[in-house]
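Student: Sharing my_file-v8.pdb here; it has PDB, C-alpha atoms, pLDDT in the B column.
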```
ATOM      1  CA  MET A   1      61.090  60.051  47.174  1.00 57.00           C
ATOM      2  CA  SER A   2      63.143  61.883  44.583  1.00 50.00           C
ATOM      3  CA  GLY A   3      66.025  64.285  45.081  1.00 49.00           C
ATOM      4  CA  SER A   4      66.239  66.963  42.447  1.00 43.00           C
ATOM      5  CA  ASP A   5      66.805  70.652  41.982  1.00 38.00           C
ATOM      6  CA  ASP A   6      64.663  70.961  38.877  1.00 39.00           C
ATOM      7  CA  ALA A   7      61.592  73.197  38.932  1.00 36.00           C
ATOM      8  CA  ALA A   8      59.324  70.475  40.310  1.00 38.00           C
ATOM      9  CA  GLY A   9      61.828  69.314  42.891  1.00 41.00           C
ATOM     10  CA  ASP A  10      63.117  72.707  44.067  1.00 41.00           C
ATOM     11  CA  ARG A  11      62.816  72.952  47.836  1.00 40.00           C
ATOM     12  CA  SER A  12      63.183  75.748  50.322  1.00 40.00           C
ATOM     13  CA  THR A  13      66.431  75.606  52.261  1.00 45.00           C
ATOM     14  CA  ASP A  14      64.819  77.095  55.382  1.00 59.00           C
ATOM     15  CA  THR A  15      65.127  74.587  58.183  1.00 68.00           C
ATOM     16  CA  HIS A  16      61.881  72.696  58.770  1.00 80.00           C
ATOM     17  CA  GLU A  17      60.561  72.840  62.330  1.00 83.00           C
ATOM     18  CA  LEU A  18      60.832  69.027  62.440  1.00 83.00           C
ATOM     19  CA  SER A  19      64.597  69.396  61.922  1.00 83.00           C
ATOM     20  CA  THR A  20      65.353  71.873  64.719  1.00 89.00           C
ATOM     21  CA  LEU A  21      68.796  71.255  66.218  1.00 92.00           C
ATOM     22  CA  ALA A  22      69.404  70.981  69.953  1.00 92.00           C
ATOM     23  CA  ASP A  23      71.726  73.386  71.723  1.00 93.00           C
ATOM     24  CA  PRO A  24      75.318  72.158  71.238  1.00 95.00           C
ATOM     25  CA  GLU A  25      77.125  70.362  74.048  1.00 96.00           C
ATOM     26  CA  TRP A  26      80.489  71.311  72.519  1.00 97.00           C
ATOM     27  CA  PRO A  27      81.015  75.042  71.727  1.00 97.00           C
ATOM     28  CA  VAL A  28      80.366  75.948  68.083  1.00 97.00           C
ATOM     29  CA  ILE A  29      82.828  78.669  67.102  1.00 98.00           C
ATOM     30  CA  ASP A  30      81.388  79.148  63.634  1.00 97.00           C
ATOM     31  CA  SER A  31      78.748  77.561  61.411  1.00 96.00           C
ATOM     32  CA  VAL A  32      79.257  77.975  57.661  1.00 97.00           C
ATOM     33  CA  ALA A  33      76.938  77.010  54.788  1.00 96.00           C
ATOM     34  CA  GLU A  34      79.317  76.595  51.835  1.00 96.00           C
ATOM     35  CA  TYR A  35      76.760  75.760  49.147  1.00 94.00           C
ATOM     36  CA  ASP A  36      73.032  75.530  48.606  1.00 94.00           C
ATOM     37  CA  THR A  37      71.583  73.496  45.736  1.00 92.00           C
ATOM     38  CA  GLY A  38      67.916  74.238  46.430  1.00 87.00           C
ATOM     39  CA  TRP A  39      67.616  70.559  47.320  1.00 86.00           C
ATOM     40  CA  PHE A  40      70.119  70.461  50.180  1.00 91.00           C
ATOM     41  CA  THR A  41      72.583  72.737  51.947  1.00 95.00           C
ATOM     42  CA  GLY A  42      76.167  71.718  52.696  1.00 97.00           C
ATOM     43  CA  GLY A  43      78.594  73.229  55.142  1.00 97.00           C
ATOM     44  CA  TYR A  44      80.432  72.750  58.411  1.00 97.00           C
ATOM     45  CA  ASP A  45      80.520  73.697  62.067  1.00 97.00           C
ATOM     46  CA  LEU A  46      83.857  74.704  63.553  1.00 98.00           C
ATOM     47  CA  VAL A  47      83.679  73.020  66.949  1.00 98.00           C
ATOM     48  CA  GLU A  48      85.789  73.187  70.073  1.00 98.00           C
ATOM     49  CA  GLN A  49      86.355  69.586  71.153  1.00 98.00           C
ATOM     50  CA  PRO A  50      86.609  68.447  74.811  1.00 97.00           C
ATOM     51  CA  ASP A  51      90.435  68.588  74.729  1.00 98.00           C
ATOM     52  CA  GLY A  52      90.367  72.231  73.600  1.00 97.00           C
ATOM     53  CA  SER A  53      91.283  71.507  69.974  1.00 98.00           C
ATOM     54  CA  GLU A  54      89.180  72.788  67.079  1.00 98.00           C
ATOM     55  CA  LYS A  55      87.782  70.727  64.220  1.00 98.00           C
ATOM     56  CA  ARG A  56      85.454  71.241  61.275  1.00 98.00           C
ATOM     57  CA  TYR A  57      82.480  68.866  61.288  1.00 98.00           C
ATOM     58  CA  TYR A  58      80.943  68.806  57.810  1.00 97.00           C
ATOM     59  CA  TRP A  59      77.223  68.324  57.260  1.00 97.00           C
ATOM     60  CA  ALA A  60      74.606  68.187  54.526  1.00 96.00           C
ATOM     61  CA  GLU A  61      71.158  69.417  55.529  1.00 96.00           C
ATOM     62  CA  LEU A  62      68.085  67.978  53.788  1.00 94.00           C
ATOM     63  CA  PRO A  63      64.377  68.487  54.501  1.00 95.00           C
ATOM     64  CA  PRO A  64      62.706  65.794  56.610  1.00 96.00           C
ATOM     65  CA  ALA A  65      61.135  62.852  54.787  1.00 97.00           C
ATOM     66  CA  ALA A  66      58.179  60.564  55.372  1.00 98.00           C
ATOM     67  CA  VAL A  67      58.372  56.841  54.551  1.00 98.00           C
ATOM     68  CA  ILE A  68      55.040  55.066  54.169  1.00 98.00           C
ATOM     69  CA  VAL A  69      54.063  51.584  55.316  1.00 98.00           C
ATOM     70  CA  ALA A  70      50.759  50.953  53.527  1.00 97.00           C
ATOM     71  CA  VAL A  71      48.978  47.598  53.591  1.00 94.00           C
ATOM     72  CA  THR A  72      45.825  46.766  51.663  1.00 93.00           C
ATOM     73  CA  ASP A  73      44.211  43.384  51.082  1.00 92.00           C
ATOM     74  CA  GLY A  74      47.167  41.555  52.597  1.00 93.00           C
ATOM     75  CA  GLU A  75      49.695  43.322  50.343  1.00 95.00           C
ATOM     76  CA  LEU A  76      52.423  45.828  51.289  1.00 97.00           C
ATOM     77  CA  LEU A  77      52.760  48.657  48.770  1.00 97.00           C
ATOM     78  CA  PHE A  78      56.136  49.382  47.195  1.00 97.00           C
ATOM     79  CA  VAL A  79      57.391  51.400  44.246  1.00 97.00           C
ATOM     80  CA  GLU A  80      59.950  50.197  41.730  1.00 96.00           C
ATOM     81  CA  GLN A  81      62.349  53.058  41.040  1.00 95.00           C
ATOM     82  CA  TYR A  82      65.647  53.606  39.259  1.00 95.00           C
ATOM     83  CA  ARG A  83      68.135  55.560  41.373  1.00 93.00           C
ATOM     84  CA  PRO A  84      70.719  57.355  39.206  1.00 94.00           C
ATOM     85  CA  THR A  85      72.785  58.029  42.346  1.00 92.00           C
ATOM     86  CA  ILE A  86      73.615  54.320  42.746  1.00 94.00           C
ATOM     87  CA  ARG A  87      72.780  53.355  39.112  1.00 96.00           C
ATOM     88  CA  GLU A  88      70.389  50.612  40.172  1.00 96.00           C
ATOM     89  CA  THR A  89      66.660  49.902  40.238  1.00 96.00           C
ATOM     90  CA  GLN A  90      65.147  48.777  43.498  1.00 94.00           C
ATOM     91  CA  TYR A  91      61.890  48.162  45.326  1.00 95.00           C
ATOM     92  CA  GLU A  92      61.278  50.893  47.891  1.00 96.00           C
ATOM     93  CA  LEU A  93      58.555  51.926  50.261  1.00 97.00           C
ATOM     94  CA  PRO A  94      56.766  55.047  48.988  1.00 97.00           C
ATOM     95  CA  ALA A  95      58.382  58.149  50.463  1.00 97.00           C
ATOM     96  CA  GLY A  96      58.815  61.852  50.021  1.00 96.00           C
ATOM     97  CA  ILE A  97      59.875  65.180  51.424  1.00 95.00           C
ATOM     98  CA  VAL A  98      57.838  66.848  54.162  1.00 96.00           C
ATOM     99  CA  GLU A  99      56.833  70.304  52.965  1.00 94.00           C
ATOM    100  CA  PRO A 100      57.317  73.294  55.333  1.00 91.00           C
ATOM    101  CA  ASP A 101      53.678  73.378  56.455  1.00 91.00           C
ATOM    102  CA  GLU A 102      53.262  69.591  56.847  1.00 96.00           C
ATOM    103  CA  SER A 103      53.664  66.963  59.534  1.00 97.00           C
ATOM    104  CA  PHE A 104      55.111  63.509  58.812  1.00 97.00           C
ATOM    105  CA  THR A 105      51.619  62.022  58.611  1.00 98.00           C
ATOM    106  CA  GLU A 106      50.297  64.743  56.304  1.00 98.00           C
ATOM    107  CA  ALA A 107      53.271  64.317  53.971  1.00 98.00           C
ATOM    108  CA  ALA A 108      52.814  60.544  53.997  1.00 98.00           C
ATOM    109  CA  ALA A 109      49.167  60.814  52.952  1.00 98.00           C
ATOM    110  CA  ARG A 110      50.051  63.201  50.125  1.00 97.00           C
ATOM    111  CA  GLU A 111      52.992  61.135  48.876  1.00 97.00           C
ATOM    112  CA  LEU A 112      51.018  57.886  48.943  1.00 97.00           C
ATOM    113  CA  GLN A 113      48.389  59.431  46.684  1.00 97.00           C
ATOM    114  CA  GLU A 114      50.961  61.025  44.373  1.00 96.00           C
ATOM    115  CA  GLU A 115      53.221  57.982  43.980  1.00 96.00           C
ATOM    116  CA  VAL A 116      50.942  54.971  44.360  1.00 96.00           C
ATOM    117  CA  GLY A 117      47.393  56.225  43.885  1.00 95.00           C
ATOM    118  CA  PHE A 118      45.818  55.601  47.292  1.00 97.00           C
ATOM    119  CA  VAL A 119      44.387  57.969  49.883  1.00 97.00           C
ATOM    120  CA  PRO A 120      44.530  56.746  53.502  1.00 97.00           C
ATOM    121  CA  ASP A 121      41.714  57.402  55.960  1.00 96.00           C
ATOM    122  CA  GLU A 122      44.099  56.826  58.866  1.00 96.00           C
ATOM    123  CA  THR A 123      47.803  57.580  59.376  1.00 97.00           C
ATOM    124  CA  GLU A 124      50.002  56.902  62.400  1.00 97.00           C
ATOM    125  CA  LEU A 125      53.594  57.966  63.015  1.00 97.00           C
ATOM    126  CA  LEU A 126      55.422  54.775  64.038  1.00 97.00           C
ATOM    127  CA  GLU A 127      58.849  56.368  64.588  1.00 96.00           C
ATOM    128  CA  GLU A 128      60.892  59.471  63.810  1.00 96.00           C
ATOM    129  CA  PHE A 129      64.665  59.802  64.001  1.00 96.00           C
ATOM    130  CA  TRP A 130      67.816  61.427  62.641  1.00 96.00           C
ATOM    131  CA  CYS A 131      69.551  59.651  59.728  1.00 94.00           C
ATOM    132  CA  SER A 132      73.274  59.077  59.065  1.00 94.00           C
ATOM    133  CA  THR A 133      74.229  61.362  61.938  1.00 95.00           C
ATOM    134  CA  GLY A 134      77.930  61.357  61.090  1.00 95.00           C
ATOM    135  CA  LEU A 135      77.161  63.532  58.059  1.00 95.00           C
ATOM    136  CA  LEU A 136      73.486  64.346  57.544  1.00 96.00           C
ATOM    137  CA  ARG A 137      71.051  66.727  59.189  1.00 95.00           C
ATOM    138  CA  HIS A 138      68.016  64.823  58.009  1.00 96.00           C
ATOM    139  CA  ARG A 139      65.029  63.503  59.935  1.00 96.00           C
ATOM    140  CA  ARG A 140      62.854  60.650  58.823  1.00 97.00           C
ATOM    141  CA  GLY A 141      59.404  59.586  59.934  1.00 98.00           C
ATOM    142  CA  ILE A 142      57.990  56.103  59.338  1.00 98.00           C
ATOM    143  CA  VAL A 143      54.212  56.389  58.893  1.00 98.00           C
ATOM    144  CA  LEU A 144      51.578  53.655  58.848  1.00 97.00           C
ATOM    145  CA  ALA A 145      48.775  54.329  56.346  1.00 97.00           C
ATOM    146  CA  THR A 146      45.543  52.318  56.555  1.00 95.00           C
ATOM    147  CA  GLU A 147      41.970  52.272  55.220  1.00 95.00           C
ATOM    148  CA  LEU A 148      43.141  53.002  51.687  1.00 96.00           C
ATOM    149  CA  THR A 149      40.907  54.326  48.905  1.00 95.00           C
ATOM    150  CA  PRO A 150      42.087  54.302  45.240  1.00 95.00           C
ATOM    151  CA  ALA A 151      42.879  57.731  43.779  1.00 94.00           C
ATOM    152  CA  GLU A 152      44.593  59.246  40.747  1.00 93.00           C
ATOM    153  CA  ARG A 153      48.394  59.401  40.838  1.00 93.00           C
ATOM    154  CA  THR A 154      50.034  62.826  40.402  1.00 92.00           C
ATOM    155  CA  LEU A 155      53.763  62.263  39.905  1.00 89.00           C
ATOM    156  CA  ASP A 156      56.390  65.016  39.931  1.00 84.00           C
ATOM    157  CA  SER A 157      58.220  65.621  36.645  1.00 87.00           C
ATOM    158  CA  ASN A 158      61.292  63.767  37.929  1.00 85.00           C
ATOM    159  CA  GLU A 159      59.440  60.723  39.274  1.00 85.00           C
ATOM    160  CA  PHE A 160      59.588  57.671  37.038  1.00 93.00           C
ATOM    161  CA  LEU A 161      58.358  54.884  39.262  1.00 94.00           C
ATOM    162  CA  VAL A 162      55.997  51.938  39.067  1.00 95.00           C
ATOM    163  CA  PRO A 163      53.669  50.942  41.933  1.00 96.00           C
ATOM    164  CA  LYS A 164      54.191  47.371  43.099  1.00 96.00           C
ATOM    165  CA  SER A 165      52.793  45.268  45.901  1.00 95.00           C
ATOM    166  CA  VAL A 166      53.914  42.083  47.592  1.00 95.00           C
ATOM    167  CA  PRO A 167      52.174  39.748  50.051  1.00 95.00           C
ATOM    168  CA  VAL A 168      52.866  40.861  53.617  1.00 94.00           C
ATOM    169  CA  GLU A 169      54.542  37.545  54.404  1.00 94.00           C
ATOM    170  CA  ALA A 170      57.111  38.204  51.644  1.00 95.00           C
ATOM    171  CA  ALA A 171      57.688  41.888  52.471  1.00 95.00           C
ATOM    172  CA  LEU A 172      60.795  41.458  54.626  1.00 95.00           C
ATOM    173  CA  SER A 173      62.426  39.157  52.102  1.00 95.00           C
ATOM    174  CA  VAL A 174      61.745  41.663  49.306  1.00 95.00           C
ATOM    175  CA  ALA A 175      63.033  44.557  51.421  1.00 95.00           C
ATOM    176  CA  ARG A 176      66.278  42.677  52.131  1.00 95.00           C
ATOM    177  CA  SER A 177      66.903  41.772  48.485  1.00 94.00           C
ATOM    178  CA  GLN A 178      69.762  43.695  46.898  1.00 93.00           C
ATOM    179  CA  PRO A 179      69.820  46.447  45.960  1.00 93.00           C
ATOM    180  CA  THR A 180      67.965  47.859  48.955  1.00 93.00           C
ATOM    181  CA  ASN A 181      68.138  50.983  51.095  1.00 94.00           C
ATOM    182  CA  ASP A 182      67.940  52.078  54.698  1.00 95.00           C
ATOM    183  CA  ALA A 183      64.474  53.688  54.563  1.00 96.00           C
ATOM    184  CA  THR A 184      62.842  50.564  53.130  1.00 96.00           C
ATOM    185  CA  LEU A 185      64.519  48.231  55.615  1.00 96.00           C
ATOM    186  CA  GLU A 186      63.681  50.527  58.539  1.00 96.00           C
ATOM    187  CA  GLY A 187      60.049  50.795  57.523  1.00 97.00           C
ATOM    188  CA  VAL A 188      59.531  47.091  56.953  1.00 97.00           C
ATOM    189  CA  LEU A 189      61.319  46.098  60.162  1.00 96.00           C
ATOM    190  CA  LEU A 190      59.249  48.587  62.188  1.00 95.00           C
ATOM    191  CA  ALA A 191      56.100  47.267  60.529  1.00 95.00           C
ATOM    192  CA  LYS A 192      57.090  43.720  61.474  1.00 94.00           C
ATOM    193  CA  GLU A 193      57.855  44.803  65.048  1.00 93.00           C
ATOM    194  CA  HIS A 194      54.410  46.422  65.320  1.00 92.00           C
ATOM    195  CA  GLY A 195      52.661  43.287  63.984  1.00 92.00           C
ATOM    196  CA  ILE A 196      51.540  45.052  60.819  1.00 90.00           C
ATOM    197  CA  LEU A 197      52.946  42.367  58.542  1.00 87.00           C
ATOM    198  CA  SER A 198      51.020  39.523  60.094  1.00 75.00           C
ATOM    199  CA  ALA A 199      49.448  37.444  57.325  1.00 57.00           C
TER     200      ALA A 199
END
```
Transcribe the structure of this file into structure tokens.
Tutor:
Amino acid sequence: MSGSDDAAGDRSTDTHELSTLADPEWPVIDSVAEYDTGWFTGGYDLVEQPDGSEKRYYWAELPPAAVIVAVTDGELLFVEQYRPTIRETQYELPAGIVEPDESFTEAAARELQEEVGFVPDETELLEEFWCSTGLLRHRRGIVLATELTPAERTLDSNEFLVPKSVPVEAALSVARSQPTNDATLEGVLLAKEHGILSA
């Protein structure tokens, strides 16, 4: 999953149906989008708090993302990717943005082919949730991909990553090795909880 506002990574800022907000419990006096990068929108809601005071709650809105748990021949698929944001290279689960006309499972199948070079016959949404809710408006879906068939990779122009795989029994240890990230840990822990990482 790459974040970029270059031509290949430019995304619509229209809110995806998967990211629809609930009606507010506290009155929203005003909602202001202060900037739009094409990759994410940033702004704030001016909210009336329970004591009657008003406060700005800042947010950054990103499209939803699918994170893929894909196992083949006893190996869990990862990608090795340098992240300029944190200036480190790490092992990650394959992942990517859900396009406006896609579901989590459809995006997962597409991203797995693009990044790793496998097409799944079956996909299952294990979990979906909001991320970093103190700041972000961003939903994530963890998708299990099975019955994999090799295919040609089709990377975006800003994706410089290397497919990797590790034995399922080592997956949690690899996911916990620094540097790591929330999406990879969430995906691997959910996979373990669902018995997917049984050797």
Student: If I wrap all listed atoms of stretch 51-64 of chain A in a box with edges along x, y and z and add 4 Å on each side, what are its centre and edge lengths in Å to one decimal, as JSON?
Tutor:
```
{"center_x": 77.0, "center_y": 69.3, "center_z": 64.3, "size_x": 36.6, "size_y": 15.0, "size_z": 28.9}
```
Student: At a cut-off of 10 Å, can you tabulate as a tab-separated table every residue of stretch 69-110 of chain A near stretch 17-27 of chain A together with its closest atom pair and the distance in Å to one decimal, using all atoms listed in the file and ordering rows by chain then number?
Tutor:
```
residue	atom	partner	partner_atom	distance
A:Val98	CA	A:Leu18	CA	9.1
A:Pro100	CA	A:Glu17	CA	7.7
A:Asp101	CA	A:Glu17	CA	9.1
A:Glu102	CA	A:Leu18	CA	9.4
A:Ser103	CA	A:Leu18	CA	8.0
A:Phe104	CA	A:Leu18	CA	8.7
```
Student: Quote the spacing between atom CA of A:Glu124 and atom CA of A:Ser157 in Å to one decimal place.
Tutor: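 Computed distance, atom CA of A:Glu124 to atom CA of A:Ser157, equals 28.4 Å.
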Student: Skipping near chain neighbours, those fewer than 4 positions away, what residues fall within 12 Å of stretch 84-91 of chain A using only C-alpha atoms, listed as number ranges by chain?
Tutor: A: 2-4, 76-80, 95, 158-166, 171-185, 188
Student: Show which residues sit within 9 Å of A:Ala70, as a PyMOL selection string. Count all atoms listed in the file, and ignore same-chain residues fewer than 4 positions away.
Tutor: chain A and resi 75-78+93-94+112+120+143-146+148
Student: Using only C-alpha atoms, can you tell me which of A:Glu99, A:Glu147, A:Glu186, A:Glu193 comes closest to A:Val71?
Tutor: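 Smallest distance to A:Val71 is found for A:Glu147.
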Student: Write out as CSV the residues of stretch 85-186 of chain A that have any atom within 9 Å of an atom of stretch 50-61 of chain A, one row each with the nearest atom pair and its distance in Å to one decimal, counting all atoms listed in the file, sorted by chain and then rising number.
Tutor:
```
residue,atom,partner,partner_atom,distance
A:Thr133,CA,A:Trp59,CA,8.9
A:Gly134,CA,A:Trp59,CA,8.0
A:Leu135,CA,A:Trp59,CA,4.9
A:Leu136,CA,A:Ala60,CA,5.0
A:Arg137,CA,A:Glu61,CA,4.5
A:His138,CA,A:Glu61,CA,6.1
```
Student: For a test of reading the model, state the distance in Å between atom CA of A:Pro150 and atom CA of A:Glu115, rounded to one decimal.
Tutor: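 If I compute the distance from atom CA of A:Pro150 to atom CA of A:Glu115, I get 11.8 Å.
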Student: Which protein, DNA or RNA residues have an atom at most 8 Å from (73.4, 73.7, 54.1), counting all atoms listed in the file? List them as a PyMOL selection string.
Tutor: chain A and resi 13+33-36+40-43+59-62
Student: Atom CA of A:Thr123 and atom CA of A:Glu92 are how many Å apart?
Tutor: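 Those two atoms sit 18.9 Å apart.
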Student: Could you check which of A:Gln49, A:Ser31, A:Gln113, A:Thr105 is closest to A:Asp156, using all atoms listed in the file?
Tutor: A:Gln113
Student: Excluding A:Leu126 and any residue of its chain fewer than 6 positions from it, enumerate the residues within 9 Å of it, using all atoms listed in the file, and give them as a PyMOL selection string.
Tutor: chain A and resi 141-144+187+190-191+194
Student: Name the residues that the PyMOL selection byres ((chain A and resi 153) around 8) picks from the file above, as a list in words, using the file's chain letters and numbers.
Tutor: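 Listing what the PyMOL selection byres ((chain A and resi 153) around 8) selects in the shown file: Gln113, Glu114, Glu115, Val116, Gly117, Phe118, Ala151, Glu152, Thr154 and Leu155 of chain A.
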